[in-house]
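Visitor: Dropping the structure in here first, questions after.
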Amino acid sequence: MSKDHPRSIQQSSHHHLSKVTAAGLLVTLGIIFGDIGTSPLYVLSEVIGNGPIHGDIILGVVSCIFWTLTLQTTLKYVVLTLRADNKGEGGIFSLYALVRRTKKKWLLFPAIIGGSTLLADGIITPPISVASSIEGLRSVNPDIHTVPIVIGILVGLFFIQQFGTSAIGKLFGPIMLIWFLMLGGLGSVQVLGNIGVVKALNPYYAYDLLAHHPGGFLLLGAVFLCTTGAEALYSDLGHCGKNNIRVSWIFVKVCLVLNYLGQAAWLIGHDGEKLGNMTPFYAIVNPAFLPVAIGIATSAAVVASQALISGSFTLINEAIRLNFWPKVKIVYPTNIKGQLYIPSVNWLLCAGCVAIVIYFQESSKMAAAYGLAIVLTMLMTTSLLTYFMILKRYSKVFIFCCLAVYVTIETCFLIANMHKFKDGGWVTLMIATCLVTVMWVWYEARRIKNRYVEFVELKDYLKLINDLSKDLAVPKYATHLVYLTSADNKDEIESKVIYSILQKQPKRADIYWLVHVDVVDEPYRMEYLVTEIIPNDVIRVDFRLGFRVAPRINLLFRKVVQDMVSNREMDITSRYESLNKSNVIGDFMFVVMEKFLSSDNDLPIYEKLILKGYFILKEFSISEERAFGLDTSSVKVEKVPLVISPPREINLKRIFPHH
């Protein structure tokens with residue numbers, strides 16, 4: 001009997017904080033704004049560098065910062081991009097999942113490039129945040145060596161990931177609330193001492209800097225650092241809901257602008273001087289309060305780093321489900337929805353962050369390399385967002401205006417950031433290029449393989465399978481035999497599966513199960529469809545799982561069987577007479593086909609390179625049975641050659657003996 005309606009496996013526990021509440025706003029401060037919130041630690045330091053302070057340039061830079069936060073962060077991300085939520089989830093891969101259903105192949109490129117550059121520039125975010133906060137100690141002791149302290153904090157942070165962050169996560173909101181109040185308070189004191197600095201909010205000063213000051217345009221590379229956390233803001237949409245983000249952003253932006261204005265007021269008051277070991281941020285702190293300020297800043301930097309690490313885990317998890325990344329071990333350290341830990345990614349990030357600290361030594365040198373990759377992410381998001389607006393039938397004039405404005409702004413930022421390539425920007429671009437290569441090879445190899453997989457009509461073999469099931473001359477292989485199939489059409493099956501059942505050690509079973517997993521574009525969908533092809537003999541189960549749902553097939557399949565038993569659709573007691581009378585449950589055996597590249601291939605050089613790269617990457621990924629969460633004690637792995645394009649002609653000639 002065929003079931004025509006999908007049945008929900010479980011109700012999603014993913015509740016979005018759509019209501020604006022005090023608790024929701026506090027959580028939002030702790031999760032969303034860490035990256036963008038710690039930017040006052042280093043933005044104006046990067047602007048000034050080792051040169052003397054120029055008051056007119058400072059006014060122009062702070063004007064650029066204010067309008068960047070307004071146009072880029074507020075309008076593009078908080079107002080516009082948050083509308084592109086995928087069942088409450090955000091981020092570049094969620095946006096791609098929203099628009100890919102249109103089958104436009106080019107959408108793949110901005111998704112892969114954007115995801116890779118976001119991950120790559122993320123390697124520099126924890127080091128620059130922690131280093132710029134710890135370097136405040138130089139105001140107390142100019143000779144202090146901060147590198148070991150920064151490395152110690154980062155390694156400790158990555159070490160605790162394996163235990164989950166639910167306990168310390170409760171502190172993130174209050175820490176960031178204190179941080180933003182401190183930002184606003186410190187800035188306000190300085191602004192009240194030089195109220196004239198508020199004229200920097202006039203866009204004329206931004207225009208004057210860019211149009212009339214030599215080198216003013218290149219300062220956009222430093223200005224851009226004030227909005228680098230905007231992309232992470234969108235990625236974490238699912239944790240807090242757009243309304244909480246929008247309301248809390250008003251508070252966050254006011255505090256940020258006040259602090260930038262406060263730093264500018266202090267700098268203008270020291271026109272012509274050099275900073276030395278001082279940073280503009282710590283310069284506006286009362287010396288008596290300095291140790292407390294350094295402690296709060298370091299705590300905020302740790303929160304910002306934690307948000308980025310968690311975001312990287314989520315991004316890689318989505319990439320795996322969208323077939324952009326090799327299958328790797330994923331751990332769920334707590335019961336909190338969406339919290340996961342990926343050991344390989346964690347320690348790769350840790351190694352990358354430590355290497356960045358050792359290579360650059362100081363936050364000022366990190367800032368010189370920071371931002372080049374993330375501006376590429378923003379351009380990729382703009383392209384996907386434009387297509388989203390086309391799908392949603394926004395006004396053509398509105399779409400054109402948005403595209404023109406943001407491509408212009410982000411291209412200007414990209415050009416201004418290009419000079420960072422030689423200062424260390426090449427590091428993040430090199431990492432991003434490696435990540436793009438991995439994602440492209442993994443995705444393209446799967447496409448090549450699927451193109452050549454041979455499917456056969458299932459109905460042509462049903463009688464044979466039914467006869468085998470009843471043939472007592474063949475030793476029983478299992479009571480329930482379960483095959484994972486990639487066939488989207490329920491009337492088809494891979495020829496390799498038929499070969500495994502009928503020819504490669506004929507496998508007699510009482511019931512044959514065909515399990516198919518379909519990754520859908522909704523993040524947390526969990527449904528299944530049962531089709532009884534031959535009642536009580538051949539049954540197909542189609543799982544429809546969201547791209548953020550872990551494919552733990554062992555658990556999910558068990559739930560399906562339990563549902564069918566409770567609905568009296570089947571009897572799973574053992575068919576062995578001695579066990580059946582005692583109501584012993586029958587055994588289940590999963591068969592997983594593991595492909596290896598056959599030497600009998602004659603491929604074009606491009607496809608050969610892609611597939612060789614794929615099988616190299618496969619060496620570092622976990623096995624298929626572990627990736628699908630199968631119990632290894634009841635899994636049979638069968639290795640099958642991947643013969644994609646055999647040589648077209650074999651010139652082999654038979655000769656006969658002479659008599």
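Residues in the structure tokens are numbered from 1 in each chain, the chains being A, B, ... in the order shown, and ligands are numbered from 1 in the order shown.
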Let's see if you can do this: from backbone DSSP, list all alpha helix (DSSP H) residues in stretch 167-416 of chain A, as an MDAnalysis selection string.
Guide: chainID A and resid 167:193 203:212 220:223 230:235 237:240 242:268 280:283 290:321 343:360 363:369 372:391 396:416
Visitor: List as a list in words the protein and nucleic acid residues near A:Ile151, meaning an atom at most 10 Å away when only C-alpha atoms are counted, but skip any in the same chain fewer than 6 places from it.
Guide: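 Counting only the stated atoms, we get Pro127, Val130, Ala131, Leu157, Cys350, Cys353, Val354, Ala355, Ile356, Val357 and Ile358 of chain A.
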Visitor: Find the residues near stretch 432-449 of chain A: any atom within 10 Å, counting only C-alpha atoms, skip ones fewer than 2 places away on the same chain, and give them as an MDAnalysis selection string.
Guide: chainID A and resid 108:109 111:121 319:320 322:326 373 426:430 451:454 607:615 617:618 642:644
Visitor: So, with only C-alpha atoms as the atoms that count, which of A:Lys496, A:His212, A:Arg654, A:Lys463 lies closest to A:Ile533?
Guide: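 Closest candidate: A:Lys463.
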Visitor: Just the number, please: distance in Å from atom CA of A:Asp563 to atom CA of A:Val591, one decimal.
Guide: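 Going from atom CA of A:Asp563 over to atom CA of A:Val591 covers 22.5 Å.
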Visitor: Mind running stretch 350-385 of chain A against stretch 94-103 of chain A at 10 Å and telling me each contacting residue's nearest atom pair with the distance in Å (one decimal), counting only C-alpha atoms, chain and number ascending, as JSON lines?
Guide:
{"residue": "A:Thr381", "atom": "CA", "partner": "A:Leu95", "partner_atom": "CA", "distance": 8.2}
{"residue": "A:Leu384", "atom": "CA", "partner": "A:Tyr96", "partner_atom": "CA", "distance": 6.9}
{"residue": "A:Leu385", "atom": "CA", "partner": "A:Leu95", "partner_atom": "CA", "distance": 7.5}
Visitor: Please produce an output containing all heavy atoms for each residue in the selection, written as a PDB file, in the first residue's frame.
Guide:
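So again_11.pdb came out as:
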ATOM      1  N   THR A 381      26.879  38.228  -1.705  1.00  0.00           N
ATOM      2  CA  THR A 381      25.552  38.329  -1.086  1.00  0.00           C
ATOM      3  C   THR A 381      24.667  39.282  -1.879  1.00  0.00           C
ATOM      4  O   THR A 381      23.477  39.023  -2.072  1.00  0.00           O
ATOM      5  CB  THR A 381      25.675  38.818   0.375  1.00  0.00           C
ATOM      6  OG1 THR A 381      26.440  37.878   1.119  1.00  0.00           O
ATOM      7  CG2 THR A 381      24.306  38.957   1.035  1.00  0.00           C
ATOM      8  N   LEU A 384      23.262  37.425  -4.942  1.00  0.00           N
ATOM      9  CA  LEU A 384      22.196  36.484  -4.581  1.00  0.00           C
ATOM     10  C   LEU A 384      20.947  37.218  -4.105  1.00  0.00           C
ATOM     11  O   LEU A 384      19.816  36.819  -4.413  1.00  0.00           O
ATOM     12  CB  LEU A 384      22.680  35.522  -3.485  1.00  0.00           C
ATOM     13  CG  LEU A 384      23.741  34.492  -3.894  1.00  0.00           C
ATOM     14  CD1 LEU A 384      24.246  33.731  -2.675  1.00  0.00           C
ATOM     15  CD2 LEU A 384      23.183  33.511  -4.918  1.00  0.00           C
ATOM     16  N   LEU A 385      21.156  38.313  -3.354  1.00  0.00           N
ATOM     17  CA  LEU A 385      20.030  39.096  -2.846  1.00  0.00           C
ATOM     18  C   LEU A 385      19.257  39.742  -3.989  1.00  0.00           C
ATOM     19  O   LEU A 385      18.023  39.815  -3.954  1.00  0.00           O
ATOM     20  CB  LEU A 385      20.539  40.165  -1.874  1.00  0.00           C
ATOM     21  CG  LEU A 385      19.475  41.006  -1.162  1.00  0.00           C
ATOM     22  CD1 LEU A 385      18.614  40.132  -0.264  1.00  0.00           C
ATOM     23  CD2 LEU A 385      20.136  42.112  -0.344  1.00  0.00           C
TER      24      LEU A 385
END
Visitor: Write out, as a tab-separated table, each residue of stretch 31-144 of chain A that has an atom at most 9 Å from stretch 406-414 of chain A, together with the closest pair of atoms and their distance in Å to one decimal, counting only C-alpha atoms, rows going by chain and rising number.
Guide:
residue	atom	partner	partner_atom	distance
A:Thr68	CA	A:Ile409	CA	8.9
A:Leu71	CA	A:Tyr406	CA	8.7
A:Gln72	CA	A:Tyr406	CA	7.8
A:Lys76	CA	A:Tyr406	CA	8.0
Visitor: What separation in Å, quoted to one decimal, exists between atom CA of A:Ala304 and atom CA of A:Pro126?
Guide: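 Atom CA of A:Pro126 lies 7.2 Å from atom CA of A:Ala304.
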Visitor: Taking only C-alpha atoms into account, name the residue in A:Lys365, A:His239, A:His658, A:Lys329 that is nearest to A:Ile124.
Guide: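 Counting only C-alpha atoms, the residue closest to A:Ile124 is A:Lys365.
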Visitor: Which residues, written as a list in words, have at least one atom at most 9 Å from stretch 464-468 of chain A, with only C-alpha atoms counted and residues fewer than 4 positions away on the same chain left out?
Guide: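 The residues that qualify are Asp460, Leu472, Val474, Ile498, Ile501, Leu502, Pro506, Lys507, Arg508, Ala509, Tyr512, Ile534, Asp537 and Val538 of chain A.
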Visitor: Please dump the current selection as an mmCIF file, in the first residue's frame; keep all heavy atoms.
Guide:
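To be explicit, this is the file written out as out.cif:
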data_model
loop_
_atom_site.group_PDB
_atom_site.id
_atom_site.type_symbol
_atom_site.label_atom_id
_atom_site.label_comp_id
_atom_site.auth_asym_id
_atom_site.auth_seq_id
_atom_site.Cartn_x
_atom_site.Cartn_y
_atom_site.Cartn_z
ATOM 1 N N ASP A 460 11.426 -4.367 -13.447
ATOM 2 C CA ASP A 460 11.995 -5.479 -14.215
ATOM 3 C C ASP A 460 12.640 -6.532 -13.315
ATOM 4 O O ASP A 460 12.915 -7.652 -13.767
ATOM 5 C CB ASP A 460 13.049 -4.948 -15.201
ATOM 6 C CG ASP A 460 12.437 -4.040 -16.269
ATOM 7 O OD1 ASP A 460 11.208 -4.112 -16.467
ATOM 8 O OD2 ASP A 460 13.190 -3.255 -16.880
ATOM 9 N N LEU A 472 14.350 -20.987 -0.226
ATOM 10 C CA LEU A 472 14.974 -21.521 0.988
ATOM 11 C C LEU A 472 16.327 -22.172 0.719
ATOM 12 O O LEU A 472 17.087 -22.455 1.649
ATOM 13 C CB LEU A 472 14.034 -22.528 1.654
ATOM 14 C CG LEU A 472 12.657 -21.985 2.070
ATOM 15 C CD1 LEU A 472 11.839 -23.075 2.753
ATOM 16 C CD2 LEU A 472 12.815 -20.794 3.015
ATOM 17 N N VAL A 474 18.731 -20.713 -0.681
ATOM 18 C CA VAL A 474 19.743 -19.666 -0.476
ATOM 19 C C VAL A 474 19.774 -19.313 1.009
ATOM 20 O O VAL A 474 18.722 -19.016 1.593
ATOM 21 C CB VAL A 474 19.411 -18.405 -1.310
ATOM 22 C CG1 VAL A 474 20.462 -17.315 -1.073
ATOM 23 C CG2 VAL A 474 19.314 -18.755 -2.787
ATOM 24 N N ILE A 498 21.033 -3.772 -7.644
ATOM 25 C CA ILE A 498 20.483 -5.026 -8.177
ATOM 26 C C ILE A 498 21.580 -6.086 -8.262
ATOM 27 O O ILE A 498 21.381 -7.253 -7.895
ATOM 28 C CB ILE A 498 19.860 -4.782 -9.579
ATOM 29 C CG1 ILE A 498 18.646 -3.843 -9.454
ATOM 30 C CG2 ILE A 498 19.470 -6.097 -10.239
ATOM 31 C CD1 ILE A 498 17.501 -4.391 -8.631
ATOM 32 N N ILE A 501 22.264 -7.481 -4.797
ATOM 33 C CA ILE A 501 21.219 -8.376 -4.266
ATOM 34 C C ILE A 501 21.218 -9.719 -4.985
ATOM 35 O O ILE A 501 21.146 -10.783 -4.354
ATOM 36 C CB ILE A 501 19.827 -7.710 -4.390
ATOM 37 C CG1 ILE A 501 19.748 -6.460 -3.506
ATOM 38 C CG2 ILE A 501 18.723 -8.700 -4.005
ATOM 39 C CD1 ILE A 501 18.462 -5.657 -3.692
ATOM 40 N N LEU A 502 21.322 -9.683 -6.310
ATOM 41 C CA LEU A 502 21.083 -10.896 -7.091
ATOM 42 C C LEU A 502 22.343 -11.659 -7.478
ATOM 43 O O LEU A 502 22.297 -12.881 -7.651
ATOM 44 C CB LEU A 502 20.308 -10.548 -8.369
ATOM 45 C CG LEU A 502 18.931 -9.898 -8.166
ATOM 46 C CD1 LEU A 502 18.309 -9.560 -9.509
ATOM 47 C CD2 LEU A 502 18.012 -10.835 -7.378
ATOM 48 N N PRO A 506 24.204 -13.696 -3.682
ATOM 49 C CA PRO A 506 22.754 -13.439 -3.597
ATOM 50 C C PRO A 506 22.303 -13.308 -2.145
ATOM 51 O O PRO A 506 22.628 -14.137 -1.296
ATOM 52 C CB PRO A 506 22.147 -14.676 -4.269
ATOM 53 C CG PRO A 506 23.207 -15.122 -5.230
ATOM 54 C CD PRO A 506 24.511 -14.819 -4.570
ATOM 55 N N LYS A 507 21.542 -12.242 -1.886
ATOM 56 C CA LYS A 507 21.200 -11.895 -0.500
ATOM 57 C C LYS A 507 19.705 -12.098 -0.283
ATOM 58 O O LYS A 507 18.885 -11.263 -0.670
ATOM 59 C CB LYS A 507 21.611 -10.440 -0.209
ATOM 60 C CG LYS A 507 23.124 -10.194 -0.333
ATOM 61 C CD LYS A 507 23.465 -8.745 -0.132
ATOM 62 C CE LYS A 507 24.970 -8.519 -0.203
ATOM 63 N NZ LYS A 507 25.532 -8.835 -1.534
ATOM 64 N N ARG A 508 19.390 -13.221 0.359
ATOM 65 C CA ARG A 508 17.976 -13.483 0.671
ATOM 66 C C ARG A 508 17.608 -12.767 1.960
ATOM 67 O O ARG A 508 18.331 -12.825 2.958
ATOM 68 C CB ARG A 508 17.732 -14.986 0.826
ATOM 69 C CG ARG A 508 16.251 -15.312 1.107
ATOM 70 C CD ARG A 508 15.945 -16.776 0.878
ATOM 71 N NE ARG A 508 16.496 -17.634 1.904
ATOM 72 C CZ ARG A 508 15.856 -17.966 3.034
ATOM 73 N NH1 ARG A 508 14.649 -17.483 3.285
ATOM 74 N NH2 ARG A 508 16.426 -18.779 3.899
ATOM 75 N N ALA A 509 16.481 -12.067 1.913
ATOM 76 C CA ALA A 509 15.958 -11.379 3.095
ATOM 77 C C ALA A 509 14.442 -11.463 3.066
ATOM 78 O O ALA A 509 13.834 -11.690 2.016
ATOM 79 C CB ALA A 509 16.413 -9.924 3.105
ATOM 80 N N TYR A 512 13.049 -6.233 1.883
ATOM 81 C CA TYR A 512 14.084 -5.368 1.318
ATOM 82 C C TYR A 512 13.611 -3.914 1.440
ATOM 83 O O TYR A 512 12.493 -3.579 1.028
ATOM 84 C CB TYR A 512 14.330 -5.707 -0.161
ATOM 85 C CG TYR A 512 14.882 -7.097 -0.383
ATOM 86 C CD1 TYR A 512 14.021 -8.191 -0.554
ATOM 87 C CD2 TYR A 512 16.252 -7.338 -0.423
ATOM 88 C CE1 TYR A 512 14.513 -9.473 -0.758
ATOM 89 C CE2 TYR A 512 16.757 -8.617 -0.629
ATOM 90 C CZ TYR A 512 15.876 -9.678 -0.792
ATOM 91 O OH TYR A 512 16.375 -10.951 -0.995
ATOM 92 N N ILE A 534 6.261 -3.848 -3.047
ATOM 93 C CA ILE A 534 5.620 -5.167 -2.888
ATOM 94 C C ILE A 534 5.288 -5.280 -1.408
ATOM 95 O O ILE A 534 6.203 -5.282 -0.580
ATOM 96 C CB ILE A 534 6.551 -6.329 -3.300
ATOM 97 C CG1 ILE A 534 6.966 -6.217 -4.764
ATOM 98 C CG2 ILE A 534 5.863 -7.672 -3.056
ATOM 99 C CD1 ILE A 534 7.933 -7.315 -5.205
ATOM 100 N N ASP A 537 7.442 -6.984 1.385
ATOM 101 C CA ASP A 537 8.591 -7.592 0.711
ATOM 102 C C ASP A 537 9.589 -6.526 0.251
ATOM 103 O O ASP A 537 10.761 -6.578 0.605
ATOM 104 C CB ASP A 537 8.125 -8.427 -0.483
ATOM 105 C CG ASP A 537 9.180 -9.464 -0.871
ATOM 106 O OD1 ASP A 537 10.287 -9.415 -0.299
ATOM 107 O OD2 ASP A 537 8.909 -10.307 -1.740
ATOM 108 N N VAL A 538 9.134 -5.538 -0.520
ATOM 109 C CA VAL A 538 10.011 -4.446 -0.974
ATOM 110 C C VAL A 538 9.355 -3.116 -0.593
ATOM 111 O O VAL A 538 8.240 -2.810 -1.052
ATOM 112 C CB VAL A 538 10.256 -4.497 -2.499
ATOM 113 C CG1 VAL A 538 11.172 -3.338 -2.924
ATOM 114 C CG2 VAL A 538 10.865 -5.836 -2.910
#
Visitor: What does the structure give for the distance between atom CA of A:Lys274 and atom CA of A:Pro52, in Å to one decimal?
Guide: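 Interatomic distance, atom CA of A:Lys274 to atom CA of A:Pro52: 4.6 Å.
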Visitor: Quick one: residues within 8 Å of A:Ile296, only C-alpha atoms, excluding same-chain residues fewer than 3 positions away - as a list of chain:residue names?
Guide: A:Ile175, A:Ile178, A:Trp179, A:Val292, A:Ala293, A:Ser299, A:Ala300
